[in-house]
>>> print(open('final34.csv').read())   # CSV, C-alpha atoms
chain,number,residue,atom,x,y,z
X,15,MET,CA,257.2,110.0,202.1
X,16,ASP,CA,254.0,109.5,204.0
X,17,SER,CA,250.9,108.1,202.5
X,18,VAL,CA,249.5,105.9,205.1
X,19,THR,CA,245.9,106.7,205.5
X,20,SER,CA,245.7,106.0,209.2
X,21,ASP,CA,247.6,109.2,210.1
X,22,ALA,CA,245.4,111.3,207.9
X,23,LEU,CA,242.7,111.6,210.4
X,24,ALA,CA,242.1,115.1,211.5
X,25,PRO,CA,240.3,116.0,214.7
X,26,ALA,CA,236.8,117.2,214.1
X,27,SER,CA,237.7,120.5,215.8
X,28,ALA,CA,240.0,121.3,212.9
X,29,ARG,CA,237.2,122.0,210.5
X,30,THR,CA,237.5,124.9,208.2
X,31,PRO,CA,234.0,125.7,206.9
X,32,LEU,CA,233.3,126.6,203.3
X,33,GLN,CA,232.0,130.0,202.2
X,34,ALA,CA,228.2,130.3,202.4
X,35,SER,CA,228.1,130.9,198.7
X,36,ALA,CA,229.8,127.6,197.8
X,37,ASP,CA,227.3,125.7,195.6
X,38,ASN,CA,229.3,123.4,193.2
X,39,GLY,CA,231.4,120.5,194.3
X,40,LEU,CA,233.8,119.0,191.8
X,41,LYS,CA,235.8,115.8,191.9
X,42,ILE,CA,239.3,114.8,190.8
X,43,VAL,CA,240.6,111.4,191.8
X,44,ILE,CA,244.3,110.5,192.4
X,45,VAL,CA,244.7,106.8,191.8
X,46,GLY,CA,247.8,104.9,192.8
X,47,GLY,CA,249.1,101.9,194.7
X,48,PHE,CA,250.0,101.8,198.4
X,49,GLY,CA,252.8,104.1,199.4
X,50,VAL,CA,253.0,106.0,196.0
X,51,GLY,CA,252.2,109.3,197.6
X,52,LYS,CA,248.5,109.9,197.0
X,53,THR,CA,247.9,111.4,200.5
X,54,THR,CA,251.1,113.4,200.2
X,55,LEU,CA,249.9,115.0,197.0
X,56,VAL,CA,246.5,115.7,198.3
X,57,ARG,CA,248.0,117.3,201.4
X,58,SER,CA,250.3,119.5,199.4
X,59,VAL,CA,247.4,121.4,197.8
X,60,SER,CA,244.5,120.9,200.2
X,61,GLU,CA,243.2,123.7,202.3
X,62,ILE,CA,242.2,121.2,205.0
X,63,ARG,CA,244.3,118.4,206.5
X,64,PRO,CA,243.3,115.3,204.5
X,65,LEU,CA,240.3,113.5,206.0
X,66,ASN,CA,239.6,109.8,205.7
X,67,THR,CA,236.3,108.0,205.1
X,68,GLU,CA,235.1,104.8,203.7
X,69,GLU,CA,232.5,102.8,201.9
X,70,THR,CA,231.4,99.3,202.6
X,71,MET,CA,230.9,96.5,200.2
X,72,THR,CA,229.9,92.9,200.3
X,73,GLN,CA,232.2,90.0,199.3
X,74,ALA,CA,230.4,89.8,196.0
X,75,GLY,CA,231.7,93.3,195.3
X,76,ALA,CA,228.4,95.1,195.2
X,77,ALA,CA,228.2,98.2,197.4
X,78,VAL,CA,226.2,97.4,200.5
X,79,ASP,CA,222.6,98.0,199.9
X,80,ASP,CA,221.2,95.7,202.4
X,81,ILE,CA,223.0,95.7,205.7
X,82,SER,CA,220.9,92.7,206.9
X,83,GLU,CA,222.7,90.7,204.3
X,84,VAL,CA,226.0,91.7,205.8
X,85,ARG,CA,225.3,90.6,209.3
X,86,GLY,CA,227.2,87.5,209.9
X,87,LYS,CA,229.2,87.9,206.7
X,88,SER,CA,232.4,89.6,206.4
X,89,ALA,CA,231.9,93.0,204.8
X,90,THR,CA,234.8,94.7,203.2
X,91,THR,CA,235.5,98.4,203.6
X,92,VAL,CA,237.3,100.5,201.1
X,93,ALA,CA,238.9,103.6,202.7
X,94,PHE,CA,239.9,106.7,200.9
X,95,ASP,CA,241.4,110.1,201.7
X,96,PHE,CA,240.3,113.4,200.5
X,97,GLY,CA,241.2,117.1,200.6
X,98,ARG,CA,239.6,120.2,199.4
X,99,ILE,CA,240.5,123.3,197.4
X,100,THR,CA,238.2,126.3,197.3
X,101,LEU,CA,238.5,127.6,193.7
X,102,ASP,CA,236.2,130.6,193.9
X,103,ALA,CA,233.0,131.8,195.6
X,104,HIS,CA,231.1,128.9,194.0
X,105,ASN,CA,233.4,126.1,193.0
X,106,VAL,CA,235.0,123.7,195.5
X,107,LEU,CA,237.3,121.0,194.2
X,108,TYR,CA,237.6,117.8,196.2
X,109,LEU,CA,240.6,115.6,195.6
X,110,PHE,CA,240.3,112.0,196.4
X,111,GLY,CA,243.2,109.7,197.0
X,112,ALA,CA,241.9,106.2,195.9
X,113,PRO,CA,243.6,102.9,196.3
X,114,GLY,CA,244.1,101.2,193.0
X,115,GLN,CA,243.4,97.7,194.2
X,116,GLU,CA,240.9,95.5,192.5
X,117,ARG,CA,238.1,95.6,195.0
X,118,PHE,CA,238.1,99.4,194.9
X,119,TRP,CA,236.9,99.5,191.3
X,120,PHE,CA,233.6,97.9,192.1
X,121,LEU,CA,232.8,101.2,194.0
X,122,TRP,CA,234.0,103.5,191.3
X,123,ASP,CA,230.5,104.3,189.8
X,124,ARG,CA,229.0,104.7,193.2
X,125,LEU,CA,231.6,107.0,194.5
X,126,PHE,CA,233.2,108.7,191.6
X,127,SER,CA,230.6,109.1,188.8
X,128,GLY,CA,230.8,112.6,187.5
X,129,THR,CA,234.5,112.9,188.3
X,130,LEU,CA,236.2,115.5,186.1
X,131,GLY,CA,239.2,113.3,185.6
X,132,ALA,CA,241.9,111.3,187.3
X,133,VAL,CA,245.6,111.4,188.0
X,134,VAL,CA,247.4,108.1,188.0
X,135,LEU,CA,250.3,108.5,190.4
X,136,VAL,CA,253.2,106.2,189.5
X,137,ASP,CA,256.2,105.1,191.4
X,138,THR,CA,258.7,104.5,188.6
X,139,ARG,CA,260.3,101.8,190.7
X,140,ARG,CA,257.0,99.9,190.5
X,141,ILE,CA,255.6,100.9,187.2
X,142,ASP,CA,253.7,97.7,186.7
X,143,ASP,CA,251.5,98.5,189.8
X,144,SER,CA,249.8,101.2,187.7
X,145,TRP,CA,248.8,99.2,184.7
X,146,TYR,CA,245.6,97.9,186.3
X,147,ALA,CA,244.5,101.4,187.3
X,148,ILE,CA,245.0,102.7,183.8
X,149,ASP,CA,243.0,99.7,182.4
X,150,ARG,CA,240.1,100.4,184.7
X,151,LEU,CA,240.0,104.2,184.0
X,152,GLU,CA,239.9,103.4,180.3
X,153,HIS,CA,237.1,100.9,181.0
X,154,HIS,CA,235.1,103.5,182.9
X,155,GLY,CA,235.8,106.2,180.3
X,156,THR,CA,237.4,108.5,182.8
X,157,PRO,CA,240.0,110.8,181.2
X,158,PHE,CA,243.3,110.8,183.1
X,159,ILE,CA,247.0,111.9,183.0
X,160,VAL,CA,250.0,110.0,184.5
X,161,ALA,CA,252.2,111.7,187.0
X,162,CYS,CA,255.5,110.0,188.1
X,163,ASN,CA,256.3,110.8,191.7
X,164,ASP,CA,260.0,111.3,192.1
X,165,PHE,CA,261.4,108.9,194.7
X,166,GLY,CA,265.0,109.4,193.6
X,167,GLY,CA,265.1,105.9,192.1
X,168,PRO,CA,266.6,105.0,188.7
X,169,THR,CA,265.4,107.4,186.1
X,170,HIS,CA,263.4,106.2,183.1
X,171,THR,CA,262.8,108.1,179.9
X,172,PRO,CA,259.2,109.1,179.2
X,173,ALA,CA,259.3,106.7,176.2
X,174,GLN,CA,260.2,103.8,178.6
X,175,ILE,CA,257.4,104.7,180.9
X,176,ARG,CA,254.9,105.0,178.1
X,177,GLU,CA,256.0,101.6,176.8
X,178,ALA,CA,255.8,100.0,180.2
X,179,LEU,CA,252.3,101.4,180.7
X,180,ASP,CA,251.1,100.9,177.1
X,181,LEU,CA,250.1,104.5,177.3
X,182,ASP,CA,248.1,106.2,174.6
X,183,PRO,CA,250.3,108.9,173.0
X,184,HIS,CA,247.6,111.5,173.7
X,185,VAL,CA,247.7,111.0,177.5
X,186,PRO,CA,249.9,113.5,179.2
X,187,LEU,CA,252.8,112.1,181.2
X,188,ILE,CA,254.6,114.4,183.7
X,189,ASP,CA,257.1,114.1,186.6
X,190,CYS,CA,256.2,115.5,190.0
X,191,ASP,CA,257.2,115.8,193.6
X,192,ALA,CA,254.1,115.1,195.6
X,193,ARG,CA,255.5,116.9,198.6
X,194,SER,CA,255.7,120.2,196.7
X,195,ARG,CA,252.6,122.4,196.5
X,196,GLU,CA,253.8,124.0,193.3
X,197,SER,CA,254.4,120.6,191.7
X,198,ALA,CA,251.1,119.2,192.9
X,199,LYS,CA,249.4,122.3,191.5
X,200,ARG,CA,251.1,121.7,188.2
X,201,VAL,CA,249.8,118.1,188.1
X,202,LEU,CA,246.2,119.3,188.6
X,203,ILE,CA,246.5,122.1,186.0
X,204,THR,CA,248.0,119.6,183.5
X,205,LEU,CA,245.0,117.3,184.1
X,206,VAL,CA,242.4,120.1,183.7
X,207,GLU,CA,244.2,121.5,180.6
X,208,HIS,CA,244.0,118.0,179.2
X,209,LEU,CA,240.3,117.8,179.9
X,210,ALA,CA,239.7,121.2,178.4
X,211,SER,CA,241.4,120.1,175.2
X,212,LEU,CA,239.4,116.9,175.1
X,213,TYR,CA,236.1,118.6,175.5
X,214,ALA,CA,236.9,121.8,173.6
X,215,PRO,CA,233.9,122.6,171.3
X,216,HIS,CA,234.8,122.0,167.6
X,217,GLY,CA,233.8,124.5,165.0
X,218,ALA,CA,231.7,127.5,165.9
X,219,ALA,CA,231.0,128.2,169.5
X,220,ALA,CA,227.6,126.8,170.4
X,221,GLN,CA,226.6,129.6,172.7
X,222,GLY,CA,223.1,129.1,173.9
X,223,ALA,CA,222.9,125.5,172.7
X,224,PRO,CA,223.9,123.5,175.8
X,225,ASN,CA,222.5,120.3,174.4
X,226,SER,CA,224.6,120.3,171.3
X,227,PRO,CA,226.6,117.1,171.4
X,228,GLU,CA,230.3,117.4,171.3
X,229,PRO,CA,232.7,114.6,170.5
X,230,ALA,CA,234.5,113.3,173.5
X,231,LEU,CA,237.8,113.0,171.7
S,15,MET,CA,237.9,108.0,219.6
S,16,SER,CA,236.2,105.0,218.2
S,17,ARG,CA,235.3,104.7,214.6
S,18,PRO,CA,231.8,103.4,214.4
S,19,GLY,CA,231.8,102.6,210.7
S,20,ARG,CA,234.9,100.5,210.8
S,21,ASP,CA,235.0,98.9,214.2
S,22,ASP,CA,231.4,98.4,215.3
S,23,ALA,CA,229.2,95.5,214.3
S,24,PRO,CA,227.0,96.3,211.3
S,25,ASP,CA,224.1,95.9,213.8
S,26,ARG,CA,224.9,99.4,215.1
S,27,LEU,CA,224.8,101.0,211.7
S,28,TYR,CA,221.5,99.1,211.1
S,29,THR,CA,220.1,100.7,214.2
S,30,LEU,CA,221.3,104.2,213.2
S,31,THR,CA,219.2,104.0,210.1
S,32,GLY,CA,216.1,102.4,211.7
S,33,GLY,CA,216.8,99.2,209.8
S,34,ARG,CA,217.0,100.7,206.4
S,35,SER,CA,220.1,100.2,204.3
S,36,ARG,CA,219.2,102.1,201.1
S,37,SER,CA,218.4,105.7,200.6
S,38,GLY,CA,216.6,104.8,197.4
S,39,PRO,CA,217.7,104.4,193.8
S,40,ASP,CA,217.0,108.1,193.2
S,41,THR,CA,219.2,109.2,196.1
S,42,PRO,CA,220.3,112.7,195.1
S,43,PHE,CA,223.4,112.8,197.3
S,44,ASP,CA,226.7,112.8,195.4
S,45,LEU,CA,229.9,112.6,197.4
S,46,VAL,CA,230.4,116.3,196.8
S,47,THR,CA,226.8,117.4,197.0
S,48,LEU,CA,226.9,120.4,199.4
S,49,VAL,CA,224.4,120.2,202.2
S,50,VAL,CA,223.1,123.2,204.1
S,51,ALA,CA,221.1,123.1,207.3
S,52,GLU,CA,217.7,124.8,207.1
S,53,CYS,CA,217.0,124.6,210.9
S,54,ASP,CA,218.7,124.2,214.2
S,55,PRO,CA,218.9,120.9,216.0
S,56,VAL,CA,215.9,120.4,218.3
S,57,ALA,CA,215.5,118.4,221.5
S,58,GLY,CA,214.8,114.7,221.0
S,59,MET,CA,216.3,114.6,217.5
S,60,GLN,CA,218.4,111.6,216.7
S,61,SER,CA,221.9,112.5,217.7
S,62,GLU,CA,223.4,111.9,214.2
S,63,HIS,CA,220.8,114.1,212.7
S,64,ALA,CA,221.6,116.9,215.2
S,65,ALA,CA,225.3,116.5,214.5
S,66,ILE,CA,224.7,116.9,210.7
S,67,LEU,CA,222.6,120.1,211.3
S,68,ARG,CA,225.5,121.5,213.4
S,69,LEU,CA,228.1,120.6,210.7
S,70,CYS,CA,226.0,122.1,207.9
S,71,GLU,CA,225.5,125.6,209.2
S,72,ARG,CA,227.8,126.3,206.3
S,73,PRO,CA,227.7,124.2,203.1
S,74,THR,CA,229.4,120.9,203.8
S,75,ALA,CA,230.0,118.1,201.3
S,76,VAL,CA,228.5,114.6,201.9
S,77,VAL,CA,232.0,113.1,202.1
S,78,GLU,CA,233.0,115.6,204.8
S,79,ILE,CA,229.9,114.8,206.8
S,80,ALA,CA,230.7,111.1,206.5
S,81,ALA,CA,234.3,111.7,207.6
S,82,GLU,CA,233.3,113.9,210.5
S,83,LEU,CA,230.6,111.5,211.8
S,84,ARG,CA,233.0,108.6,211.1
S,85,LEU,CA,230.3,106.7,209.3
S,86,PRO,CA,230.4,105.0,205.9
S,87,VAL,CA,229.2,107.1,203.0
S,88,SER,CA,226.2,104.9,202.4
S,89,ILE,CA,224.9,105.3,205.9
S,90,THR,CA,225.5,109.0,205.8
S,91,ARG,CA,223.4,109.2,202.6
S,92,ILE,CA,220.5,107.6,204.4
S,93,LEU,CA,220.6,110.0,207.3
S,94,LEU,CA,220.8,112.9,204.8
S,95,ALA,CA,217.8,111.6,202.9
S,96,ASP,CA,215.8,111.7,206.1
S,97,LEU,CA,216.8,115.2,206.8
S,98,LEU,CA,216.1,116.3,203.2
S,99,ALA,CA,212.7,114.7,203.2
S,100,ALA,CA,211.8,116.5,206.4
S,101,GLY,CA,213.0,119.8,204.9
S,102,ARG,CA,215.7,120.2,207.6
S,103,VAL,CA,218.5,120.4,205.0
S,104,SER,CA,218.8,121.6,201.5
S,105,ALA,CA,221.2,120.1,198.9
S,106,ARG,CA,223.3,121.9,196.4
S,107,HIS,CA,224.1,119.3,193.7
S,108,PRO,CA,227.2,119.3,191.5
S,109,HIS,CA,226.8,120.9,188.1
S,110,ALA,CA,230.0,120.1,186.4
S,111,ALA,CA,228.4,118.6,183.3
S,112,VAL,CA,226.2,119.9,180.5
S,113,PRO,CA,223.1,117.8,179.9
S,114,SER,CA,224.9,115.5,177.4
S,115,GLY,CA,227.0,114.4,180.4
S,116,LEU,CA,230.3,115.9,179.3
S,117,PRO,CA,232.0,118.5,181.5
S,118,ASP,CA,230.9,122.0,181.0
S,119,PRO,CA,233.7,123.9,179.3
S,120,ASP,CA,232.9,127.0,181.4
S,121,ILE,CA,233.3,125.1,184.6
S,122,LEU,CA,236.6,123.6,183.4
S,123,GLU,CA,237.8,127.2,182.7
S,124,GLN,CA,236.8,128.3,186.2
S,125,VAL,CA,238.7,125.3,187.6
S,126,LEU,CA,241.8,126.3,185.7
S,127,VAL,CA,241.6,129.9,186.8
S,128,GLY,CA,241.1,128.8,190.4
S,129,LEU,CA,244.0,126.4,190.3
S,130,ARG,CA,246.4,128.9,188.7
S,131,ASN,CA,245.5,131.4,191.4
S,132,LEU,CA,246.4,129.1,194.2
>>> encode(input="final34.csv", output="structure tokens")
Amino acid sequence: MDSVTSDALAPASARTPLQASADNGLKIVIVGGFGVGKTTLVRSVSEIRPLNTEETMTQAGAAVDDISEVRGKSATTVAFDFGRITLDAHNVLYLFGAPGQERFWFLWDRLFSGTLGAVVLVDTRRIDDSWYAIDRLEHHGTPFIVACNDFGGPTHTPAQIREALDLDPHVPLIDCDARSRESAKRVLITLVEHLASLYAPHGAAAQGAPNSPEPAL
Amino acid sequence: MSRPGRDDAPDRLYTLTGGRSRSGPDTPFDLVTLVVAECDPVAGMQSEHAAILRLCERPTAVVEIAAELRLPVSITRILLADLLAAGRVSARHPHAAVPSGLPDPDILEQVLVGLRNL
């Protein structure tokens, strides 16, 4: 399984342009540790070969807002992959594969505010690696599901995984094979169905009242 | 091909943006804001600006521009702010949320339909 970001660089000539009518970019973030299959999952469903980019931050953890401050200091870059799915004439979904390491979370608001939701991709041989990501997503108030990528290791029951991750019973937990397009699709659909249930209007439909507050849960 | 954002000294990035390092607190560019060129590149234009205009003949997300130019997202945002201020690009901002900040149920439904049709 291949999730090393360095091989994800696509030549500029491989660009596939969007339709001229595209006007709404959407974000979903796949979070997981090194080697857990984030890039593989993105590649499975993306219409473009995954691209790689980065953001720069200072040692203090703040995103770089003053490059003069960085000169002579060691700046840290956080790299992330992304892919793209054209959903219809207007909506384009971007999938970001994000490293779960500590320094990354300093950039969450800057990069991923407005994200629809997240998928925590778990290697069941290294469940503990995912605990921090779940803690941070809860902290940021980002809804998520957990998907266990099948590496053919020892099997755990869902109850064992929930226990190990201290997972809220309402958070969906599914198995997946990140190499499979159908499986990756199902992961995304499971997330968006979860989001739709979280944000479903309660009571009468509030047609024409876009400002009516709806409970988040 | 070299990767300026990662391998070059920050001095080079500093030069690209004319010494500026922020695009302003009100920078309108989300990672997935779709940018569309409103004019062709002209002679004498900064090469990064010209490259953005060529990339954005069709709508192109900020993050794709950053990846294609091999520049950090923050630097790309500054370059885009210049082009927007000059009227050379337009920006189609994401509208996934209703004013309360929660995702728009209609958009979520459209996402589901799109994913199921893949």
>>> interface_residues(input="final34.csv", of="chain S", to="chain X", cutoff="7 Å", atoms="all atoms listed in the file", output="ChimeraX atom specification")
/S:24,28,35-36,45-48,72-74,80-82,84,86-88,106-110,112-114,117,119,122,125-126,128-129
>>> atom_distance(input="final34.csv", atom1="atom CA of Val45 of chain X", atom2="atom CA of Ala112 of chain X")
5.0 Å
>>> residues_near_point(input="final34.csv", point="(257.0, 98.3, 183.0)", cutoff="10 Å", atoms="all atoms listed in the file", output="VMD selection string")
chain X and resid 138 to 145 174 to 180
>>> write_last_selection(input="final34.csv", atoms="C-alpha atoms", output="mmCIF file, keeping the file's coordinate frame")
data_model
loop_
_atom_site.group_PDB
_atom_site.id
_atom_site.type_symbol
_atom_site.label_atom_id
_atom_site.label_comp_id
_atom_site.auth_asym_id
_atom_site.auth_seq_id
_atom_site.Cartn_x
_atom_site.Cartn_y
_atom_site.Cartn_z
ATOM 1 C CA THR X 138 258.700 104.500 188.600
ATOM 2 C CA ARG X 139 260.300 101.800 190.700
ATOM 3 C CA ARG X 140 257.000 99.900 190.500
ATOM 4 C CA ILE X 141 255.600 100.900 187.200
ATOM 5 C CA ASP X 142 253.700 97.700 186.700
ATOM 6 C CA ASP X 143 251.500 98.500 189.800
ATOM 7 C CA SER X 144 249.800 101.200 187.700
ATOM 8 C CA TRP X 145 248.800 99.200 184.700
ATOM 9 C CA GLN X 174 260.200 103.800 178.600
ATOM 10 C CA ILE X 175 257.400 104.700 180.900
ATOM 11 C CA ARG X 176 254.900 105.000 178.100
ATOM 12 C CA GLU X 177 256.000 101.600 176.800
ATOM 13 C CA ALA X 178 255.800 100.000 180.200
ATOM 14 C CA LEU X 179 252.300 101.400 180.700
ATOM 15 C CA ASP X 180 251.100 100.900 177.100
#
>>> residues_near_point(input="final34.csv", point="(239.8, 105.3, 185.1)", cutoff="12 Å", atoms="only C-alpha atoms", output="number ranges by chain")
X: 42-46, 112, 114, 118-120, 122-123, 126-134, 144-160
>>> atom_distance(input="final34.csv", atom1="atom CA of Cys70 of chain S", atom2="atom CA of Gly58 of chain S")
18.8 Å
>>> residues_around(input="final34.csv", residues="Leu83 of chain S", least_positions_apart="3", cutoff="8 Å", atoms="only C-alpha atoms", output="compact mmCIF listing (two decimals) with C-alpha atoms, keeping the file's coordinate frame")
# COMPACT_ATOMS: atom_id res chain seq x y z
CA GLU S 62 223.40 111.90 214.20
CA ALA S 65 225.30 116.50 214.50
CA ILE S 79 229.90 114.80 206.80
CA ALA S 80 230.70 111.10 206.50
>>> atom_distance(input="final34.csv", atom1="atom CA of Asp137 of chain X", atom2="atom CA of Val127 of chain S")
29.1 Å
>>> closest_residue(input="final34.csv", among="S:Val103, S:Glu78, S:Leu98, S:His63", to="Ile62 of chain X", atoms="only C-alpha atoms")
S:Glu78
